[in-house]
$ cat protein.txt   # compact mmCIF, N, CA and C atoms
# COMPACT_ATOMS: atom_id res chain seq x y z
N GLN Q 22 150.54 59.56 141.84
CA GLN Q 22 149.10 59.32 141.85
C GLN Q 22 148.42 60.18 140.79
N VAL Q 23 147.39 59.61 140.21
CA VAL Q 23 146.57 60.32 139.24
C VAL Q 23 145.13 60.28 139.74
N GLN Q 24 144.49 61.42 139.73
CA GLN Q 24 143.08 61.49 140.10
C GLN Q 24 142.25 61.71 138.84
N LEU Q 25 141.16 60.97 138.74
CA LEU Q 25 140.29 61.05 137.57
C LEU Q 25 138.87 61.37 138.01
N VAL Q 26 138.26 62.32 137.32
CA VAL Q 26 136.89 62.70 137.64
C VAL Q 26 136.08 62.76 136.35
N GLU Q 27 135.06 61.93 136.29
CA GLU Q 27 134.20 61.89 135.11
C GLU Q 27 133.04 62.85 135.24
N SER Q 28 132.50 63.24 134.10
CA SER Q 28 131.28 64.04 134.05
C SER Q 28 130.61 63.84 132.71
N GLY Q 29 129.36 64.29 132.63
CA GLY Q 29 128.65 64.25 131.36
C GLY Q 29 127.57 63.20 131.26
N GLY Q 30 127.48 62.30 132.23
CA GLY Q 30 126.43 61.29 132.18
C GLY Q 30 125.04 61.92 132.23
N ALA Q 31 124.08 61.27 131.57
CA ALA Q 31 122.74 61.83 131.50
C ALA Q 31 121.74 60.76 131.09
N LEU Q 32 120.48 61.14 131.15
CA LEU Q 32 119.39 60.33 130.62
C LEU Q 32 119.11 60.82 129.20
N VAL Q 33 119.24 59.93 128.23
CA VAL Q 33 119.05 60.29 126.83
C VAL Q 33 118.13 59.27 126.18
N GLN Q 34 117.70 59.59 124.96
CA GLN Q 34 116.82 58.69 124.23
C GLN Q 34 117.63 57.87 123.22
N PRO Q 35 117.10 56.72 122.82
CA PRO Q 35 117.79 55.93 121.79
C PRO Q 35 118.03 56.76 120.54
N GLY Q 36 119.23 56.62 119.98
CA GLY Q 36 119.60 57.39 118.81
C GLY Q 36 120.31 58.69 119.11
N ASP Q 37 120.26 59.13 120.36
CA ASP Q 37 120.91 60.38 120.75
C ASP Q 37 122.41 60.22 120.82
N SER Q 38 123.08 61.35 120.92
CA SER Q 38 124.53 61.41 121.13
C SER Q 38 124.82 62.03 122.49
N LEU Q 39 125.98 61.67 123.03
CA LEU Q 39 126.39 62.19 124.34
C LEU Q 39 127.90 62.13 124.41
N THR Q 40 128.50 63.13 125.05
CA THR Q 40 129.94 63.12 125.24
C THR Q 40 130.27 63.09 126.72
N LEU Q 41 131.05 62.13 127.12
CA LEU Q 41 131.55 62.04 128.49
C LEU Q 41 132.95 62.66 128.56
N SER Q 42 133.23 63.28 129.71
CA SER Q 42 134.54 63.88 129.93
C SER Q 42 135.17 63.28 131.17
N CYS Q 43 136.49 63.23 131.16
CA CYS Q 43 137.23 62.74 132.31
C CYS Q 43 138.42 63.67 132.51
N TYR Q 44 138.44 64.34 133.64
CA TYR Q 44 139.53 65.27 133.93
C TYR Q 44 140.57 64.55 134.79
N ALA Q 45 141.83 64.64 134.36
CA ALA Q 45 142.93 64.01 135.08
C ALA Q 45 143.76 65.06 135.78
N ALA Q 46 144.17 64.75 137.02
CA ALA Q 46 145.02 65.65 137.79
C ALA Q 46 146.06 64.82 138.53
N GLY Q 47 147.10 65.49 138.96
CA GLY Q 47 148.17 64.80 139.68
C GLY Q 47 149.34 64.49 138.75
N ARG Q 48 149.90 63.31 138.86
CA ARG Q 48 151.06 62.91 138.06
C ARG Q 48 150.61 62.43 136.68
N THR Q 49 150.01 63.33 135.95
CA THR Q 49 149.45 62.97 134.65
C THR Q 49 150.53 62.59 133.64
N GLU Q 50 151.75 63.01 133.89
CA GLU Q 50 152.85 62.63 132.98
C GLU Q 50 153.10 61.13 133.01
N ASP Q 51 152.57 60.43 134.03
CA ASP Q 51 152.72 58.98 134.11
C ASP Q 51 151.72 58.24 133.23
N MET Q 52 150.70 58.93 132.76
CA MET Q 52 149.66 58.25 131.99
C MET Q 52 150.16 57.91 130.59
N TYR Q 53 149.99 56.66 130.19
CA TYR Q 53 150.31 56.25 128.81
C TYR Q 53 149.07 55.70 128.11
N THR Q 54 148.17 55.12 128.88
CA THR Q 54 146.91 54.65 128.32
C THR Q 54 145.76 55.34 129.06
N ARG Q 55 144.75 55.70 128.29
CA ARG Q 55 143.56 56.36 128.81
C ARG Q 55 142.36 55.59 128.27
N ALA Q 56 141.49 55.17 129.15
CA ALA Q 56 140.45 54.24 128.70
C ALA Q 56 139.10 54.56 129.33
N TRP Q 57 138.08 54.00 128.73
CA TRP Q 57 136.73 54.01 129.28
C TRP Q 57 136.24 52.58 129.42
N PHE Q 58 135.63 52.31 130.56
CA PHE Q 58 134.96 51.05 130.83
C PHE Q 58 133.52 51.37 131.21
N ARG Q 59 132.69 50.34 131.26
CA ARG Q 59 131.32 50.53 131.73
C ARG Q 59 130.86 49.30 132.49
N GLN Q 60 129.87 49.51 133.33
CA GLN Q 60 129.39 48.42 134.17
C GLN Q 60 127.91 48.59 134.45
N VAL Q 61 127.19 47.48 134.36
CA VAL Q 61 125.79 47.44 134.77
C VAL Q 61 125.69 46.58 136.00
N PRO Q 62 124.68 46.79 136.82
CA PRO Q 62 124.56 46.01 138.06
C PRO Q 62 124.52 44.51 137.78
N GLY Q 63 125.29 43.78 138.53
CA GLY Q 63 125.31 42.34 138.40
C GLY Q 63 126.26 41.80 137.35
N LYS Q 64 126.93 42.70 136.66
CA LYS Q 64 127.87 42.27 135.63
C LYS Q 64 129.25 42.85 135.89
N GLU Q 65 130.25 42.24 135.27
CA GLU Q 65 131.60 42.73 135.42
C GLU Q 65 131.78 44.02 134.61
N ARG Q 66 132.73 44.79 135.05
CA ARG Q 66 133.09 46.00 134.33
C ARG Q 66 133.69 45.61 132.99
N GLU Q 67 133.21 46.22 131.91
CA GLU Q 67 133.68 45.83 130.59
C GLU Q 67 134.37 46.98 129.88
N PHE Q 68 135.34 46.61 129.08
CA PHE Q 68 136.12 47.54 128.30
C PHE Q 68 135.27 48.20 127.22
N VAL Q 69 135.48 49.49 127.02
CA VAL Q 69 134.78 50.23 125.97
C VAL Q 69 135.77 50.73 124.91
N ALA Q 70 136.79 51.48 125.37
CA ALA Q 70 137.73 52.08 124.42
C ALA Q 70 139.00 52.47 125.15
N VAL Q 71 140.09 52.51 124.39
CA VAL Q 71 141.37 52.93 124.96
C VAL Q 71 142.11 53.82 123.97
N LEU Q 72 142.78 54.82 124.50
CA LEU Q 72 143.65 55.70 123.74
C LEU Q 72 145.06 55.45 124.24
N VAL Q 73 145.94 55.07 123.31
CA VAL Q 73 147.28 54.66 123.68
C VAL Q 73 148.30 55.70 123.23
N GLY Q 74 149.20 56.06 124.12
CA GLY Q 74 150.28 56.94 123.77
C GLY Q 74 150.01 58.38 124.12
N ASN Q 75 151.02 59.22 123.83
CA ASN Q 75 150.92 60.64 124.14
C ASN Q 75 151.05 61.50 122.88
N LYS Q 76 152.22 61.74 122.40
CA LYS Q 76 152.37 62.57 121.20
C LYS Q 76 151.71 61.92 119.99
N VAL Q 77 151.97 60.65 119.80
CA VAL Q 77 151.35 59.88 118.71
C VAL Q 77 150.47 58.83 119.38
N THR Q 78 149.23 58.78 118.97
CA THR Q 78 148.29 57.91 119.67
C THR Q 78 147.63 56.91 118.72
N SER Q 79 147.11 55.85 119.32
CA SER Q 79 146.29 54.86 118.62
C SER Q 79 145.11 54.53 119.51
N THR Q 80 144.12 53.88 118.94
CA THR Q 80 142.91 53.57 119.68
C THR Q 80 142.48 52.12 119.45
N ASN Q 81 141.77 51.59 120.42
CA ASN Q 81 141.10 50.31 120.29
C ASN Q 81 139.71 50.44 120.88
N TYR Q 82 138.75 49.72 120.31
CA TYR Q 82 137.37 49.79 120.75
C TYR Q 82 136.80 48.39 120.94
N ALA Q 83 135.85 48.29 121.85
CA ALA Q 83 135.07 47.07 121.96
C ALA Q 83 134.21 46.96 120.71
N GLY Q 84 133.97 45.72 120.30
CA GLY Q 84 133.20 45.52 119.09
C GLY Q 84 131.80 46.11 119.14
N SER Q 85 131.23 46.14 120.35
CA SER Q 85 129.86 46.62 120.50
C SER Q 85 129.73 48.13 120.31
N VAL Q 86 130.85 48.86 120.37
CA VAL Q 86 130.77 50.31 120.25
C VAL Q 86 131.53 50.84 119.04
N GLU Q 87 132.32 50.01 118.40
CA GLU Q 87 133.14 50.48 117.27
C GLU Q 87 132.24 51.06 116.19
N GLY Q 88 132.65 52.22 115.70
CA GLY Q 88 131.85 52.93 114.70
C GLY Q 88 130.83 53.87 115.28
N ARG Q 89 130.55 53.75 116.58
CA ARG Q 89 129.59 54.64 117.23
C ARG Q 89 130.25 55.53 118.28
N PHE Q 90 131.28 55.03 118.94
CA PHE Q 90 131.98 55.76 120.00
C PHE Q 90 133.34 56.19 119.50
N THR Q 91 133.79 57.34 120.01
CA THR Q 91 135.12 57.84 119.68
C THR Q 91 135.80 58.34 120.94
N ILE Q 92 136.99 57.82 121.21
CA ILE Q 92 137.77 58.27 122.35
C ILE Q 92 138.83 59.25 121.87
N SER Q 93 139.05 60.29 122.63
CA SER Q 93 140.06 61.28 122.28
C SER Q 93 140.52 61.98 123.55
N SER Q 94 141.54 62.80 123.40
CA SER Q 94 141.99 63.58 124.55
C SER Q 94 142.37 64.98 124.10
N VAL Q 95 142.24 65.92 125.01
CA VAL Q 95 142.60 67.32 124.77
C VAL Q 95 143.37 67.82 126.00
N ASN Q 96 143.80 69.05 125.92
CA ASN Q 96 144.53 69.65 127.05
C ASN Q 96 145.76 68.82 127.42
N ASP Q 97 146.57 68.51 126.40
CA ASP Q 97 147.79 67.73 126.61
C ASP Q 97 147.50 66.38 127.25
N GLY Q 98 146.35 65.82 126.94
CA GLY Q 98 146.02 64.48 127.42
C GLY Q 98 145.38 64.45 128.79
N ASN Q 99 145.15 65.61 129.38
CA ASN Q 99 144.59 65.63 130.72
C ASN Q 99 143.06 65.64 130.74
N MET Q 100 142.44 65.74 129.60
CA MET Q 100 140.99 65.62 129.49
C MET Q 100 140.72 64.51 128.49
N ILE Q 101 140.02 63.47 128.94
CA ILE Q 101 139.75 62.31 128.10
C ILE Q 101 138.27 62.34 127.78
N LEU Q 102 137.98 62.27 126.49
CA LEU Q 102 136.60 62.39 126.04
C LEU Q 102 136.11 61.06 125.45
N LEU Q 103 134.82 60.82 125.59
CA LEU Q 103 134.19 59.68 124.91
C LEU Q 103 132.93 60.22 124.23
N GLN Q 104 133.03 60.36 122.91
CA GLN Q 104 131.89 60.78 122.11
C GLN Q 104 131.09 59.54 121.77
N MET Q 105 129.80 59.54 122.14
CA MET Q 105 128.95 58.37 121.93
C MET Q 105 127.80 58.77 121.02
N ASP Q 106 127.71 58.12 119.90
CA ASP Q 106 126.66 58.41 118.91
C ASP Q 106 125.73 57.21 118.77
N ASN Q 107 124.52 57.49 118.31
CA ASN Q 107 123.54 56.43 118.04
C ASN Q 107 123.40 55.49 119.24
N LEU Q 108 123.15 56.07 120.38
CA LEU Q 108 123.06 55.29 121.61
C LEU Q 108 121.87 54.37 121.60
N THR Q 109 122.04 53.21 122.20
CA THR Q 109 120.96 52.24 122.36
C THR Q 109 120.77 51.92 123.84
N GLN Q 110 119.68 51.24 124.16
CA GLN Q 110 119.42 50.90 125.56
C GLN Q 110 120.52 50.01 126.12
N GLU Q 111 121.17 49.24 125.25
CA GLU Q 111 122.25 48.38 125.70
C GLU Q 111 123.49 49.17 126.15
N ASP Q 112 123.53 50.45 125.85
CA ASP Q 112 124.64 51.30 126.29
C ASP Q 112 124.41 51.85 127.70
N THR Q 113 123.25 51.59 128.27
CA THR Q 113 122.98 52.05 129.63
C THR Q 113 123.93 51.39 130.61
N ALA Q 114 124.64 52.20 131.37
CA ALA Q 114 125.64 51.69 132.31
C ALA Q 114 126.26 52.84 133.08
N GLN Q 115 127.00 52.46 134.11
CA GLN Q 115 127.90 53.41 134.78
C GLN Q 115 129.21 53.39 134.00
N TYR Q 116 129.66 54.56 133.57
CA TYR Q 116 130.87 54.65 132.77
C TYR Q 116 132.02 55.15 133.62
N TYR Q 117 133.15 54.46 133.49
CA TYR Q 117 134.33 54.77 134.29
C TYR Q 117 135.50 55.13 133.39
N CYS Q 118 136.22 56.14 133.81
CA CYS Q 118 137.46 56.53 133.17
C CYS Q 118 138.61 55.83 133.88
N ALA Q 119 139.61 55.41 133.12
CA ALA Q 119 140.76 54.71 133.71
C ALA Q 119 142.03 55.17 133.03
N ALA Q 120 143.12 55.10 133.76
CA ALA Q 120 144.42 55.45 133.19
C ALA Q 120 145.46 54.45 133.64
N GLY Q 121 146.37 54.16 132.73
CA GLY Q 121 147.46 53.24 133.03
C GLY Q 121 148.79 53.82 132.63
N THR Q 122 149.84 53.22 133.10
CA THR Q 122 151.19 53.73 132.85
C THR Q 122 151.93 52.98 131.76
N TYR Q 123 151.30 51.99 131.15
CA TYR Q 123 151.93 51.21 130.09
C TYR Q 123 150.83 50.69 129.18
N TYR Q 124 151.24 49.97 128.13
CA TYR Q 124 150.26 49.37 127.21
C TYR Q 124 150.68 47.94 126.90
N SER Q 125 149.73 47.02 127.07
CA SER Q 125 149.92 45.63 126.67
C SER Q 125 148.87 45.30 125.63
N GLN Q 126 149.36 44.91 124.47
CA GLN Q 126 148.44 44.56 123.39
C GLN Q 126 147.52 43.41 123.76
N ASN Q 127 147.98 42.56 124.70
CA ASN Q 127 147.21 41.38 125.07
C ASN Q 127 146.24 41.63 126.23
N TYR Q 128 146.49 42.67 127.01
CA TYR Q 128 145.72 42.84 128.24
C TYR Q 128 145.06 44.19 128.40
N TYR Q 129 145.09 45.04 127.41
CA TYR Q 129 144.59 46.40 127.57
C TYR Q 129 143.10 46.43 127.88
N TYR Q 130 142.38 45.36 127.59
CA TYR Q 130 140.93 45.35 127.80
C TYR Q 130 140.55 44.86 129.21
N LEU Q 131 141.55 44.55 130.01
CA LEU Q 131 141.30 44.08 131.37
C LEU Q 131 141.38 45.23 132.36
N THR Q 132 140.54 45.19 133.39
CA THR Q 132 140.58 46.25 134.40
C THR Q 132 141.93 46.27 135.13
N SER Q 133 142.56 45.14 135.26
CA SER Q 133 143.84 45.07 135.97
C SER Q 133 144.96 45.80 135.24
N HIS Q 134 144.73 46.15 134.00
CA HIS Q 134 145.75 46.88 133.22
C HIS Q 134 145.89 48.34 133.67
N TYR Q 135 144.89 48.81 134.41
CA TYR Q 135 144.83 50.24 134.72
C TYR Q 135 144.99 50.48 136.21
N ALA Q 136 145.85 51.45 136.53
CA ALA Q 136 146.16 51.73 137.93
C ALA Q 136 145.23 52.76 138.54
N TYR Q 137 144.64 53.58 137.71
CA TYR Q 137 143.86 54.71 138.23
C TYR Q 137 142.45 54.69 137.66
N TRP Q 138 141.50 55.01 138.53
CA TRP Q 138 140.09 54.95 138.16
C TRP Q 138 139.35 56.16 138.71
N GLY Q 139 138.33 56.57 137.94
CA GLY Q 139 137.42 57.57 138.45
C GLY Q 139 136.26 56.91 139.17
N GLN Q 140 135.34 57.74 139.63
CA GLN Q 140 134.19 57.26 140.40
C GLN Q 140 133.01 56.87 139.52
N GLY Q 141 133.04 57.26 138.27
CA GLY Q 141 131.99 56.86 137.35
C GLY Q 141 130.93 57.92 137.12
N THR Q 142 130.26 57.81 135.99
CA THR Q 142 129.15 58.69 135.65
C THR Q 142 128.09 57.85 134.95
N GLN Q 143 126.82 58.07 135.30
CA GLN Q 143 125.74 57.21 134.83
C GLN Q 143 125.20 57.69 133.49
N VAL Q 144 125.09 56.74 132.57
CA VAL Q 144 124.44 56.99 131.28
C VAL Q 144 123.23 56.08 131.19
N THR Q 145 122.09 56.66 130.99
CA THR Q 145 120.86 55.89 130.85
C THR Q 145 120.22 56.24 129.51
N VAL Q 146 119.98 55.19 128.73
CA VAL Q 146 119.35 55.37 127.42
C VAL Q 146 117.96 54.74 127.49
N SER Q 147 116.95 55.58 127.38
CA SER Q 147 115.59 55.09 127.54
C SER Q 147 114.63 56.00 126.79
N SER Q 148 113.61 55.37 126.23
CA SER Q 148 112.58 56.15 125.55
C SER Q 148 111.46 56.49 126.51
$ encode --input "protein.txt" --output "structure tokens"
Amino acid sequence: QVQLVESGGALVQPGDSLTLSCYAAGRTEDMYTRAWFRQVPGKEREFVAVLVGNKVTSTNYAGSVEGRFTISSVNDGNMILLQMDNLTQEDTAQYYCAAGTYYSQNYYYLTSHYAYWGQGTQVTVSS
């Protein structure tokens, strides 16, 4: 089992930057993919970004955040970060950290790809 706890959500203004953190505990050696999703009320949870691998890593981003968001990990992969720049109101959502034990090039953007989830942290972008 892997436990994930997010932090860093806040109320910010358009154009601001914010970094979300996700601390992983438990059988973290099982993690191969580390991802962020987000969800607004009434909509499905959507993929934001994924970090694939351990020693050597690669990333994928949703088109809506590419160039503005950066996913990374520190502490031997047990802390997963999401640096968010140039935030817009459309980025307002509950953000969730997720971890999986494998990587599928065809399905990494689906929630079913990930076995472990955090409880979420709220990001609100408003002037």
$ residues_around --input "protein.txt" --residues "Ser28 in chain Q" --least-positions-apart "3" --cutoff "6 Å" --atoms "only C-alpha atoms" --output "PyMOL selection string"
chain Q and resi 41-42+142
$ closest_atom_pairs --input "protein.txt" --of "range 102-133 of chain Q" --to "range 77-89 of chain Q" --cutoff "7 Å" --atoms "all atoms listed in the file" --output "CSV"
residue,atom,partner,partner_atom,distance
Q:Gln104,C,Q:Arg89,C,5.4
Q:Met105,CA,Q:Arg89,C,4.8
Q:Asp106,N,Q:Arg89,C,4.0
Q:Asn107,N,Q:Arg89,CA,5.9
$ atom_distance --input "protein.txt" --atom1 "CA of Gly30 in chain Q" --atom2 "CA of Ser133 in chain Q"
24.1 Å
$ select_by_dssp --input "protein.txt" --residues "range 30-74 of chain Q" --states "strand (DSSP E)" --output "ChimeraX atom specification"
/Q:32-33,39-47,54-60,67-73
$ closest_residue --input "protein.txt" --among "Q:Ala46, Q:Val71, Q:Ala114, Q:Val146" --to "Tyr128 in chain Q" --atoms "only C-alpha atoms"
Q:Val71
$ residues_around --input "protein.txt" --residues "Ile101 in chain Q" --least-positions-apart "5" --cutoff "8 Å" --atoms "only N, CA and C atoms" --output "PyMOL selection string"
chain Q and resi 41-45+55-56+92-96+118
$ residues_around --input "protein.txt" --residues "Thr109 in chain Q" --least-positions-apart "3" --cutoff "5 Å" --atoms "only N, CA and C atoms" --output "PyMOL selection string"
chain Q and resi 35-36+112
$ atom_distance --input "protein.txt" --atom1 "atom C of Thr113 in chain Q" --atom2 "CA of Val33 in chain Q"
10.8 Å
$ atom_distance --input "protein.txt" --atom1 "atom C of Ser147 in chain Q" --atom2 "atom N of Gly29 in chain Q"
17.9 Å
$ decode --input "protein.txt" --residues "range 26-94 of chain Q" --atoms "C-alpha atoms" --output "PDB file, in the first residue's frame"
ATOM      1  CA  VAL Q  26      -1.053  13.260   1.076  1.00  0.00           C
ATOM      2  CA  GLU Q  27      -1.301  16.469  -0.905  1.00  0.00           C
ATOM      3  CA  SER Q  28      -0.660  19.993   0.298  1.00  0.00           C
ATOM      4  CA  GLY Q  29      -0.138  23.477  -1.054  1.00  0.00           C
ATOM      5  CA  GLY Q  30      -3.572  24.338  -2.391  1.00  0.00           C
ATOM      6  CA  ALA Q  31      -4.556  27.984  -2.026  1.00  0.00           C
ATOM      7  CA  LEU Q  32      -6.568  30.913  -3.311  1.00  0.00           C
ATOM      8  CA  VAL Q  33      -4.451  32.791  -5.855  1.00  0.00           C
ATOM      9  CA  GLN Q  34      -4.941  35.431  -8.507  1.00  0.00           C
ATOM     10  CA  PRO Q  35      -4.772  34.933 -12.289  1.00  0.00           C
ATOM     11  CA  GLY Q  36      -1.173  34.955 -13.443  1.00  0.00           C
ATOM     12  CA  ASP Q  37       0.176  33.738 -10.110  1.00  0.00           C
ATOM     13  CA  SER Q  38       2.313  30.673  -9.540  1.00  0.00           C
ATOM     14  CA  LEU Q  39       1.745  27.895  -7.024  1.00  0.00           C
ATOM     15  CA  THR Q  40       3.466  24.637  -6.163  1.00  0.00           C
ATOM     16  CA  LEU Q  41       1.565  21.600  -4.947  1.00  0.00           C
ATOM     17  CA  SER Q  42       3.281  18.839  -2.990  1.00  0.00           C
ATOM     18  CA  CYS Q  43       2.375  15.213  -2.529  1.00  0.00           C
ATOM     19  CA  TYR Q  44       4.092  13.143   0.131  1.00  0.00           C
ATOM     20  CA  ALA Q  45       4.192   9.386  -0.412  1.00  0.00           C
ATOM     21  CA  ALA Q  46       4.586   6.822   2.356  1.00  0.00           C
ATOM     22  CA  GLY Q  47       4.380   3.067   2.641  1.00  0.00           C
ATOM     23  CA  ARG Q  48       5.525   0.756  -0.170  1.00  0.00           C
ATOM     24  CA  THR Q  49       6.862   3.613  -2.238  1.00  0.00           C
ATOM     25  CA  GLU Q  50       9.269   1.261  -4.009  1.00  0.00           C
ATOM     26  CA  ASP Q  51       6.188   0.002  -5.895  1.00  0.00           C
ATOM     27  CA  MET Q  52       5.568   3.381  -7.493  1.00  0.00           C
ATOM     28  CA  TYR Q  53       6.526   3.660 -11.173  1.00  0.00           C
ATOM     29  CA  THR Q  54       4.197   6.440 -12.266  1.00  0.00           C
ATOM     30  CA  ARG Q  55       3.407   9.575 -10.294  1.00  0.00           C
ATOM     31  CA  ALA Q  56       0.652  11.823 -11.542  1.00  0.00           C
ATOM     32  CA  TRP Q  57      -1.605  14.770 -10.871  1.00  0.00           C
ATOM     33  CA  PHE Q  58      -5.268  14.936 -11.780  1.00  0.00           C
ATOM     34  CA  ARG Q  59      -7.867  17.605 -11.123  1.00  0.00           C
ATOM     35  CA  GLN Q  60     -11.610  17.750 -10.783  1.00  0.00           C
ATOM     36  CA  VAL Q  61     -14.298  20.406 -10.660  1.00  0.00           C
ATOM     37  CA  PRO Q  62     -17.790  19.746  -9.335  1.00  0.00           C
ATOM     38  CA  GLY Q  63     -19.992  18.038 -11.869  1.00  0.00           C
ATOM     39  CA  LYS Q  64     -17.143  16.951 -14.094  1.00  0.00           C
ATOM     40  CA  GLU Q  65     -14.960  13.888 -14.345  1.00  0.00           C
ATOM     41  CA  ARG Q  66     -11.510  13.858 -12.870  1.00  0.00           C
ATOM     42  CA  GLU Q  67      -9.070  14.867 -15.586  1.00  0.00           C
ATOM     43  CA  PHE Q  68      -5.432  14.117 -16.182  1.00  0.00           C
ATOM     44  CA  VAL Q  69      -2.930  16.929 -15.639  1.00  0.00           C
ATOM     45  CA  ALA Q  70       0.583  15.463 -15.678  1.00  0.00           C
ATOM     46  CA  VAL Q  71       2.524  12.261 -15.128  1.00  0.00           C
ATOM     47  CA  LEU Q  72       6.106  11.469 -14.201  1.00  0.00           C
ATOM     48  CA  VAL Q  73       7.194   8.063 -15.441  1.00  0.00           C
ATOM     49  CA  GLY Q  74      10.016   5.968 -14.068  1.00  0.00           C
ATOM     50  CA  ASN Q  75      12.451   6.159 -11.202  1.00  0.00           C
ATOM     51  CA  LYS Q  76      16.155   6.607 -11.952  1.00  0.00           C
ATOM     52  CA  VAL Q  77      15.467   7.883 -15.463  1.00  0.00           C
ATOM     53  CA  THR Q  78      12.182   9.672 -15.893  1.00  0.00           C
ATOM     54  CA  SER Q  79       9.930  11.099 -18.581  1.00  0.00           C
ATOM     55  CA  THR Q  80       6.855  13.293 -18.408  1.00  0.00           C
ATOM     56  CA  ASN Q  81       3.552  13.809 -20.160  1.00  0.00           C
ATOM     57  CA  TYR Q  82       1.179  16.752 -19.784  1.00  0.00           C
ATOM     58  CA  ALA Q  83      -2.377  17.583 -20.679  1.00  0.00           C
ATOM     59  CA  GLY Q  84      -2.511  20.040 -23.523  1.00  0.00           C
ATOM     60  CA  SER Q  85      -4.239  22.631 -21.372  1.00  0.00           C
ATOM     61  CA  VAL Q  86      -1.297  22.861 -18.957  1.00  0.00           C
ATOM     62  CA  GLU Q  87       1.736  22.081 -21.122  1.00  0.00           C
ATOM     63  CA  GLY Q  88       4.256  24.884 -20.927  1.00  0.00           C
ATOM     64  CA  ARG Q  89       2.742  26.221 -17.703  1.00  0.00           C
ATOM     65  CA  PHE Q  90       2.904  23.248 -15.301  1.00  0.00           C
ATOM     66  CA  THR Q  91       5.912  21.151 -14.371  1.00  0.00           C
ATOM     67  CA  ILE Q  92       5.817  17.820 -12.569  1.00  0.00           C
ATOM     68  CA  SER Q  93       8.864  16.591 -10.697  1.00  0.00           C
ATOM     69  CA  SER Q  94       9.871  14.515  -7.721  1.00  0.00           C
TER      70      SER Q  94
END
